[in-house]
Amino acid sequence: MRRPKLEVFEPALVEQIIHEGIDLLSDPGVRVHNQEALILLAEAGAQVNFENQIAYIPERLVQQSLATAPVEFILYDIDGKPAITYGGNNVQFDPGSAGISVQDVKTGEQRPPVTKDFIQWVKLVETLPQIDAQSTAMVCTDVPEEIGDLYRLYIALNYMRKPIITGAFRKDTWWIMRDLLAAVRGGGEALAAMPLAVFDVCPSPPLLWSDLTCQNLIDCARTGIPAELVSMPLSGATSPVTLAAAIVQHTAESLSGIVIHQLAKAGSPVVWGGSPAAFDMREGTTPMGAAETWLIDAGYVQIGKSLNLPTHVYMGMSDSKMVDAQCGLESMGGALSAALMGANMVSGAGMLDFETCLSYEKLVIDAEIIGMSRRMIAGIEIREDPIALTVMRSMGHRSDYLSLPHTRRWFRKELYIPSEVIDRGSYDAWQQKGSKPVTERASERVNMLLKTYQPNSLSEDTRAELKEITLQASRKFGMEHLPDLDS
Amino acid sequence: MSDELLAQISQSLVDGDPDATFSLTEKALREGLEPLRIIREALMPGMNIVGDYFARGDYFLPDLIIAADGMKRAMELLEPELRARQQALETPGVVVIGTVKGDIHEIGKSLVATMLSANGFKVYDMGVDVPIATFIAKIKETNATLLGLSALLTTTMTMQREVIKTLVAEGLRSQVKVMVGGAPVTRSWAEEIGADGYAEDAMGAVALAKRLVGVQA
């Protein structure tokens with residue numbers, strides 16, 4: 001069987017892009033606004049200008065780092081069961097992250113999210129089998145901004161079973177987030193042995209590692225927590241406008257991240273990720289639903305795969321402001337493309353308005369998009385040999401295949417059967433059910449699924465420990481009591 | 001012991017294993033279980049479970065049909081036994097069903113026939129491309145109380161109207177309730193041609209048939 005796949009470059013071009021990426025690291029070099037990283041690089045033999053905070057990384061260091069970066073790693077769920085494999089052509093999905101607004105279920109309007117919104121979100125993600133991982137999807141506005149990153153992890157840990165993709169907004173809060181994760185696992189070593197979370201670390205285009213992200217990157221490496229490099233060239237704005245050149249920039253930024261990461265601790269798990277966009281030349285925005293954005297994604301995933309690294313993309317989102325036809329077409333285009341690329345983690349389900357707003361309705365619709373995308377890449381399997389002769393000869397010219405045991409035996413394996421969010425009934429049946437548009441069917445499914453949510457297995461002691469860690473942080477920033485968890 | 005066997009028969013329908021349904025029914029008869037008890041306490045409950053699973057979305061058409069096939073094969077064993085005891089299964093109604101003249105589409109019609117049988121109706125499936133006269137003759141022969149007419153084409157659905165006109169002409173219209181179905185058929189079409197009912201799918205057809213003969217669905 002041939003796995004349907006999307007590749008955009010001939011092998012010779014892959015080589016050239018990697019070479020140009022490596023060449024950029026020595027001229028003009030990469031800006032590293034973090035003292036510890038600059039020292040690491042200098043000690044390893046890179047030429048470093050400490051005054052201008054620029055490192056000139058030789059190819060030797062790049063090759064050395066690529067040789068020690070793991071080809072794959074596993075994420076374990078809250079109970080310690082293997083759940084997700086980053087590596088190979090495994091394709092897995094998680095919701096978009098760090099949304100700053102939520103689409104209100106009742107009014108349909110965007111508003112800032114609060115604790116109860118995110119609790120509901122985490123619960124909904126747990127009920128959707130198509131979604132493999134959680135993400136710290138919403139930044140809750142009912143707690144101090146300074147603990148915004150760790151607070152969402154605290155909420156998620158209380159309700160999730162699936163592993164989580166997250167990230168820190170500060171250097172110090174990263175350590176508190178690590179404490180939260182370690183509390184669940186029963187210590188830092190257990191956490192390193194069975195990773196529960198991946199941290200996104202984002203270089204700034206072009207060719208800059210800020211103090212914060214660089215420190216997160218180093219701390220992830222040293223503690224064995226997987227780091228996901230999220231390089232985001234914006235073609236024509238913060239990178240060259242030509243798609244291939246934007247991919248060269250992505251390559252250079254990501255390679256420099258791998259070097260810093262592997263110098264901090266060789267062998268620590270790291271992901272070749274990204275969130276590029278093709279800049280919109282009329283609106284000045286960052287469309288996630290543009291074909292060119294998807295092409296940049298496809299290009300850098302192919303580069304990452306050629307380097308034998310686990311890969312990640314930010315795809316399956318929509319630039320639309322509501323769940324409508326634009327939302328559907330952009331989400332399907334992105335998610336299906338990502339699946340065809342074989343990206344190991346596809347972040348973006350449930351996300352609207354570029355990368356800002358989360359919608360419960362979109363999440364359940366996206367779950368169907370993911371189901372169909374997975375079906376596409378599963379391809380056409382040969383179930384029997386001969387393929388058809390035995391079954392067709394047994395039937396002769398009869399047409400009642402529906403009543404054949406052969407049909408019952410295979411149809412569940414052959415077909416992805418969507419929920420009622422996808423309407424495949426007749427016009428009359430649709431009318432009888434109230435002539436509902438997809439948004440209404442999705443909304444009903446959200447309510448139905450939330451009723452099926454089952455709590456996770458964390459002990460009361462662990463919950464209390466998580467609360468204590470979070471409360472200590474919140475008190476530093478003037479919040480004496482955390483919002484109630486039960487919603 | 002017999003309760004366990006009845007439960008196994010019921011489960012074999014749910015599992016979609018007609019061979020097991022057949023052999024377990026055979027075994028039940030050998031062990032002296034009454035045919036009516038096998039039907040009421042094993043086959044009907046099994047089919048009801050399958051129907052429930054279908055309604056809630058866990059089962060699909062092939063699951064329904066294979067269960068109905070198991071039911072049918074069990075009934076082939078049980079019907080002679082019932083006759084030998086001069087017993088009869090009270091049926092909610094006798095149905096003549098077929099796809100109208102000029103139309104050879106079979107799937108929807110067969111599904112409806114299968115599901116009606118599984119729900120206790122006595123069904124005479126006339127197949128596809130059925131001439132009007134064949135329907136009329138069978139209704140007369142069987143004293144059917146229900147007629148199911150399937151048409152999958154806009155060009156053949158007009159034949160449903162012709163069949164109903166003939167029923168009137170033959171003085172049979174008050175004897176049979178007419179159900180129509182098929183992809184292009186709608187509720188308004190059913191009303192326009194003077195049919196008694198229209199159903200969207202096979203499960204809907206069962207509910208409709210029960211309603212038309214005055215049985216609680």
# chains A, B, ... in the order shown; residues from 1 in each chain; ligands from 1
$ closest_atom_pairs --of "chain A" --to "chain B" --cutoff "8 Å" --atoms "only C-alpha atoms" --output "JSON lines"
{"residue": "A:Asp400", "atom": "CA", "partner": "B:Ile107", "partner_atom": "CA", "distance": 7.0}
{"residue": "A:Leu402", "atom": "CA", "partner": "B:Pro62", "partner_atom": "CA", "distance": 5.6}
{"residue": "A:Ser403", "atom": "CA", "partner": "B:Ile65", "partner_atom": "CA", "distance": 5.5}
{"residue": "A:Leu404", "atom": "CA", "partner": "B:Ile66", "partner_atom": "CA", "distance": 7.5}
{"residue": "A:Pro405", "atom": "CA", "partner": "B:Ile66", "partner_atom": "CA", "distance": 7.0}
{"residue": "A:Thr407", "atom": "CA", "partner": "B:Pro62", "partner_atom": "CA", "distance": 6.7}
{"residue": "A:Arg408", "atom": "CA", "partner": "B:Pro62", "partner_atom": "CA", "distance": 5.2}
{"residue": "A:Ser426", "atom": "CA", "partner": "B:Ala183", "partner_atom": "CA", "distance": 7.6}
{"residue": "A:Asp428", "atom": "CA", "partner": "B:Thr186", "partner_atom": "CA", "distance": 6.7}
{"residue": "A:Ala429", "atom": "CA", "partner": "B:Glu200", "partner_atom": "CA", "distance": 6.2}
$ write_last_selection --atoms "N, CA, C and O atoms" --output "compact mmCIF listing (two decimals), in the first residue's frame"
# COMPACT_ATOMS: atom_id res chain seq x y z
N ASP A 400 -26.85 -7.63 -3.67
CA ASP A 400 -27.14 -7.35 -2.26
C ASP A 400 -25.90 -7.50 -1.37
O ASP A 400 -25.88 -8.28 -0.43
N LEU A 402 -24.98 -5.46 0.70
CA LEU A 402 -25.28 -4.94 2.03
C LEU A 402 -25.56 -6.08 3.02
O LEU A 402 -25.33 -5.94 4.21
N SER A 403 -26.05 -7.20 2.51
CA SER A 403 -26.39 -8.30 3.42
C SER A 403 -25.28 -9.34 3.51
O SER A 403 -25.43 -10.37 4.16
N LEU A 404 -24.15 -9.06 2.88
CA LEU A 404 -23.05 -10.03 2.87
C LEU A 404 -22.23 -9.93 4.17
O LEU A 404 -21.87 -8.84 4.57
N PRO A 405 -21.93 -11.06 4.81
CA PRO A 405 -21.07 -10.99 6.01
C PRO A 405 -19.74 -10.28 5.73
O PRO A 405 -19.21 -9.59 6.59
N THR A 407 -19.32 -7.70 4.02
CA THR A 407 -19.56 -6.26 4.20
C THR A 407 -19.48 -5.90 5.67
O THR A 407 -18.82 -4.95 6.07
N ARG A 408 -20.17 -6.69 6.49
CA ARG A 408 -20.18 -6.39 7.92
C ARG A 408 -18.78 -6.54 8.51
O ARG A 408 -18.38 -5.82 9.40
N SER A 426 -30.95 12.55 3.80
CA SER A 426 -31.65 13.14 2.67
C SER A 426 -32.19 14.52 3.08
O SER A 426 -32.20 14.88 4.25
N ASP A 428 -35.21 15.45 3.11
CA ASP A 428 -36.38 15.29 3.98
C ASP A 428 -36.00 14.98 5.42
O ASP A 428 -36.56 15.53 6.36
N ALA A 429 -35.01 14.09 5.55
CA ALA A 429 -34.56 13.72 6.90
C ALA A 429 -33.99 14.95 7.60
O ALA A 429 -34.22 15.18 8.79
$ select_by_dssp --residues "segment 321-448 of chain A" --states "strand (DSSP E or B)" --output "ChimeraX atom specification"
/A:345-349,351-352,357-358
$ write_last_selection --atoms "C-alpha atoms" --output "mmCIF file, in the first residue's frame"
data_model
loop_
_atom_site.group_PDB
_atom_site.id
_atom_site.type_symbol
_atom_site.label_atom_id
_atom_site.label_comp_id
_atom_site.auth_asym_id
_atom_site.auth_seq_id
_atom_site.Cartn_x
_atom_site.Cartn_y
_atom_site.Cartn_z
ATOM 1 C CA MET A 345 1.806 16.972 15.909
ATOM 2 C CA VAL A 346 -0.715 19.247 14.260
ATOM 3 C CA SER A 347 -1.768 22.096 16.530
ATOM 4 C CA GLY A 348 -4.750 24.255 15.702
ATOM 5 C CA ALA A 349 -8.060 22.435 16.128
ATOM 6 C CA MET A 351 -9.047 27.884 16.544
ATOM 7 C CA LEU A 352 -10.521 30.861 14.702
ATOM 8 C CA CYS A 357 -10.072 32.679 19.341
ATOM 9 C CA LEU A 358 -11.273 29.263 20.440
#
$ residues_around --residues "Glu109 of chain A" --least-positions-apart "6" --cutoff "10 Å" --atoms "only C-alpha atoms" --output "list in words"
Ser101, Val102, Gln103, Lys321 and Met322 of chain A
$ write_last_selection --atoms "C-alpha atoms" --output "compact mmCIF listing (two decimals), in the first residue's frame"
# COMPACT_ATOMS: atom_id res chain seq x y z
CA SER A 101 -10.56 34.91 23.34
CA VAL A 102 -13.33 32.35 23.32
CA GLN A 103 -16.45 32.32 21.23
CA LYS A 321 -14.20 35.29 12.70
CA MET A 322 -17.01 32.77 13.02
$ residues_around --residues "Val364 of chain A" --least-positions-apart "4" --cutoff "8 Å" --atoms "only C-alpha atoms" --output "number ranges by chain"
A: 128, 350, 360, 368, 421, 442, 445-446
$ residues_around --residues "Ile218 of chain A" --least-positions-apart "4" --cutoff "10 Å" --atoms "only C-alpha atoms" --output "PDB file with N, CA, C and O atoms, in the first residue's frame"
ATOM      1  N   GLU A  36      23.646  32.669  29.069  1.00  0.00           N
ATOM      2  CA  GLU A  36      23.988  31.269  29.263  1.00  0.00           C
ATOM      3  C   GLU A  36      24.168  30.551  27.919  1.00  0.00           C
ATOM      4  O   GLU A  36      25.100  29.762  27.735  1.00  0.00           O
ATOM      5  N   ALA A  37      23.290  30.862  27.000  1.00  0.00           N
ATOM      6  CA  ALA A  37      23.367  30.228  25.679  1.00  0.00           C
ATOM      7  C   ALA A  37      24.603  30.692  24.931  1.00  0.00           C
ATOM      8  O   ALA A  37      25.285  29.894  24.262  1.00  0.00           O
ATOM      9  N   LEU A  40      27.509  28.795  26.295  1.00  0.00           N
ATOM     10  CA  LEU A  40      27.461  27.419  25.782  1.00  0.00           C
ATOM     11  C   LEU A  40      28.021  27.353  24.361  1.00  0.00           C
ATOM     12  O   LEU A  40      28.825  26.475  24.025  1.00  0.00           O
ATOM     13  N   THR A 213      12.814  32.728  25.594  1.00  0.00           N
ATOM     14  CA  THR A 213      12.653  31.448  24.897  1.00  0.00           C
ATOM     15  C   THR A 213      13.941  30.638  24.956  1.00  0.00           C
ATOM     16  O   THR A 213      13.908  29.415  25.038  1.00  0.00           O
ATOM     17  N   CYS A 214      15.059  31.353  24.928  1.00  0.00           N
ATOM     18  CA  CYS A 214      16.338  30.664  24.990  1.00  0.00           C
ATOM     19  C   CYS A 214      16.496  29.946  26.335  1.00  0.00           C
ATOM     20  O   CYS A 214      16.954  28.813  26.400  1.00  0.00           O
ATOM     21  N   ARG A 222      17.841  20.485  29.793  1.00  0.00           N
ATOM     22  CA  ARG A 222      18.522  19.970  30.989  1.00  0.00           C
ATOM     23  C   ARG A 222      17.625  19.096  31.846  1.00  0.00           C
ATOM     24  O   ARG A 222      18.106  18.225  32.568  1.00  0.00           O
ATOM     25  N   THR A 223      16.312  19.331  31.808  1.00  0.00           N
ATOM     26  CA  THR A 223      15.399  18.542  32.640  1.00  0.00           C
ATOM     27  C   THR A 223      14.763  17.397  31.861  1.00  0.00           C
ATOM     28  O   THR A 223      13.964  16.639  32.408  1.00  0.00           O
ATOM     29  N   GLY A 224      15.104  17.294  30.584  1.00  0.00           N
ATOM     30  CA  GLY A 224      14.566  16.197  29.783  1.00  0.00           C
ATOM     31  C   GLY A 224      13.109  16.375  29.378  1.00  0.00           C
ATOM     32  O   GLY A 224      12.448  15.420  28.965  1.00  0.00           O
ATOM     33  N   ALA A 227      11.137  19.857  24.012  1.00  0.00           N
ATOM     34  CA  ALA A 227      10.954  21.231  23.548  1.00  0.00           C
ATOM     35  C   ALA A 227      10.545  21.208  22.081  1.00  0.00           C
ATOM     36  O   ALA A 227      11.072  20.417  21.295  1.00  0.00           O
ATOM     37  N   GLY A 257      18.375  26.594  17.120  1.00  0.00           N
ATOM     38  CA  GLY A 257      17.686  26.121  18.324  1.00  0.00           C
ATOM     39  C   GLY A 257      18.156  24.730  18.720  1.00  0.00           C
ATOM     40  O   GLY A 257      18.393  24.437  19.894  1.00  0.00           O
ATOM     41  N   ILE A 260      21.684  25.014  20.345  1.00  0.00           N
ATOM     42  CA  ILE A 260      21.641  25.494  21.733  1.00  0.00           C
ATOM     43  C   ILE A 260      21.095  24.396  22.650  1.00  0.00           C
ATOM     44  O   ILE A 260      21.633  24.105  23.716  1.00  0.00           O
ATOM     45  N   HIS A 261      20.019  23.762  22.196  1.00  0.00           N
ATOM     46  CA  HIS A 261      19.342  22.732  22.975  1.00  0.00           C
ATOM     47  C   HIS A 261      20.258  21.540  23.229  1.00  0.00           C
ATOM     48  O   HIS A 261      20.413  21.085  24.370  1.00  0.00           O
ATOM     49  N   GLN A 262      20.893  21.042  22.196  1.00  0.00           N
ATOM     50  CA  GLN A 262      21.730  19.850  22.352  1.00  0.00           C
ATOM     51  C   GLN A 262      23.037  20.167  23.091  1.00  0.00           C
ATOM     52  O   GLN A 262      23.608  19.296  23.738  1.00  0.00           O
ATOM     53  N   LEU A 263      23.493  21.431  22.995  1.00  0.00           N
ATOM     54  CA  LEU A 263      24.673  21.810  23.791  1.00  0.00           C
ATOM     55  C   LEU A 263      24.314  21.840  25.273  1.00  0.00           C
ATOM     56  O   LEU A 263      25.130  21.498  26.124  1.00  0.00           O
ATOM     57  N   ALA A 264      23.076  22.238  25.570  1.00  0.00           N
ATOM     58  CA  ALA A 264      22.642  22.263  26.974  1.00  0.00           C
ATOM     59  C   ALA A 264      22.573  20.841  27.511  1.00  0.00           C
ATOM     60  O   ALA A 264      22.968  20.563  28.640  1.00  0.00           O
ATOM     61  N   LYS A 265      22.046  19.939  26.732  1.00  0.00           N
ATOM     62  CA  LYS A 265      22.082  18.529  27.098  1.00  0.00           C
ATOM     63  C   LYS A 265      21.856  17.655  25.868  1.00  0.00           C
ATOM     64  O   LYS A 265      20.744  17.593  25.324  1.00  0.00           O
TER      65      LYS A 265
END
$ atom_distance --atom1 "atom CA of Glu381 of chain A" --atom2 "atom CA of His406 of chain A"
15.3 Å
$ closest_residue --among "A:Leu41, A:Ala237, A:Met232, A:Leu255" --to "Asp297 of chain A" --atoms "only C-alpha atoms"
A:Met232
$ atom_distance --atom1 "atom CA of Met1 of chain A" --atom2 "atom CA of Ile417 of chain A"
21.9 Å
$ decode --residues "segment 180-202 of chain A" --atoms "N, CA, C and O atoms" --output "tab-separated table (two decimals), in the first residue's frame"
chain	number	residue	atom	x	y	z
A	180	LEU	N	4.59	21.63	38.61
A	180	LEU	CA	3.23	21.09	38.48
A	180	LEU	C	3.27	19.72	37.80
A	180	LEU	O	2.64	18.76	38.25
A	181	LEU	N	4.02	19.65	36.71
A	181	LEU	CA	4.11	18.39	35.96
A	181	LEU	C	4.79	17.31	36.81
A	181	LEU	O	4.35	16.15	36.83
A	182	ALA	N	5.84	17.71	37.53
A	182	ALA	CA	6.56	16.74	38.36
A	182	ALA	C	5.66	16.24	39.49
A	182	ALA	O	5.74	15.07	39.89
A	183	ALA	N	4.79	17.12	40.00
A	183	ALA	CA	3.88	16.71	41.07
A	183	ALA	C	2.96	15.59	40.60
A	183	ALA	O	2.65	14.65	41.35
A	184	VAL	N	2.54	15.66	39.36
A	184	VAL	CA	1.67	14.62	38.81
A	184	VAL	C	2.43	13.30	38.68
A	184	VAL	O	1.91	12.23	38.99
A	185	ARG	N	3.68	13.40	38.24
A	185	ARG	CA	4.47	12.19	38.00
A	185	ARG	C	5.14	11.65	39.26
A	185	ARG	O	5.60	10.52	39.27
A	186	GLY	N	5.23	12.49	40.31
A	186	GLY	CA	5.93	12.05	41.50
A	186	GLY	C	7.42	12.31	41.40
A	186	GLY	O	8.23	11.48	41.83
A	187	GLY	N	7.82	13.43	40.80
A	187	GLY	CA	9.23	13.82	40.79
A	187	GLY	C	9.76	14.14	39.40
A	187	GLY	O	9.18	13.71	38.39
A	188	GLY	N	10.85	14.90	39.38
A	188	GLY	CA	11.43	15.35	38.12
A	188	GLY	C	12.00	14.23	37.27
A	188	GLY	O	11.92	14.26	36.05
A	189	GLU	N	12.57	13.23	37.95
A	189	GLU	CA	13.16	12.12	37.18
A	189	GLU	C	12.07	11.31	36.48
A	189	GLU	O	12.20	10.93	35.32
A	190	ALA	N	11.01	11.06	37.23
A	190	ALA	CA	9.88	10.31	36.64
A	190	ALA	C	9.29	11.10	35.47
A	190	ALA	O	8.89	10.52	34.46
A	191	LEU	N	9.28	12.42	35.61
A	191	LEU	CA	8.75	13.26	34.54
A	191	LEU	C	9.63	13.17	33.29
A	191	LEU	O	9.12	13.10	32.17
A	192	ALA	N	10.95	13.14	33.49
A	192	ALA	CA	11.86	13.03	32.35
A	192	ALA	C	11.73	11.65	31.69
A	192	ALA	O	11.82	11.52	30.47
A	193	ALA	N	11.49	10.64	32.52
A	193	ALA	CA	11.37	9.28	31.98
A	193	ALA	C	10.05	9.10	31.23
A	193	ALA	O	9.98	8.35	30.25
A	194	MET	N	9.00	9.79	31.72
A	194	MET	CA	7.69	9.68	31.09
A	194	MET	C	7.12	11.07	30.85
A	194	MET	O	6.26	11.54	31.59
A	195	PRO	N	7.58	11.73	29.78
A	195	PRO	CA	7.13	13.11	29.55
A	195	PRO	C	5.61	13.20	29.41
A	195	PRO	O	4.99	12.34	28.76
A	196	LEU	N	5.05	14.21	30.05
A	196	LEU	CA	3.60	14.45	30.03
A	196	LEU	C	3.28	15.66	29.16
A	196	LEU	O	2.18	15.80	28.67
A	197	ALA	N	4.28	16.52	28.99
A	197	ALA	CA	4.06	17.78	28.28
A	197	ALA	C	5.21	18.10	27.35
A	197	ALA	O	6.34	17.66	27.56
A	198	VAL	N	4.88	18.86	26.30
A	198	VAL	CA	5.89	19.43	25.40
A	198	VAL	C	5.80	20.94	25.55
A	198	VAL	O	4.69	21.49	25.61
A	199	PHE	N	6.93	21.62	25.63
A	199	PHE	CA	6.94	23.09	25.71
A	199	PHE	C	7.29	23.70	24.36
A	199	PHE	O	8.33	23.37	23.78
A	200	ASP	N	6.43	24.59	23.88
A	200	ASP	CA	6.74	25.35	22.67
A	200	ASP	C	7.74	26.44	23.02
A	200	ASP	O	7.57	27.13	24.04
A	201	VAL	N	8.78	26.56	22.20
A	201	VAL	CA	9.72	27.68	22.37
A	201	VAL	C	9.87	28.36	21.01
A	201	VAL	O	10.18	27.71	20.01
A	202	CYS	N	9.62	29.66	20.98
A	202	CYS	CA	9.50	30.36	19.70
A	202	CYS	C	10.62	31.36	19.48
A	202	CYS	O	10.69	32.38	20.18
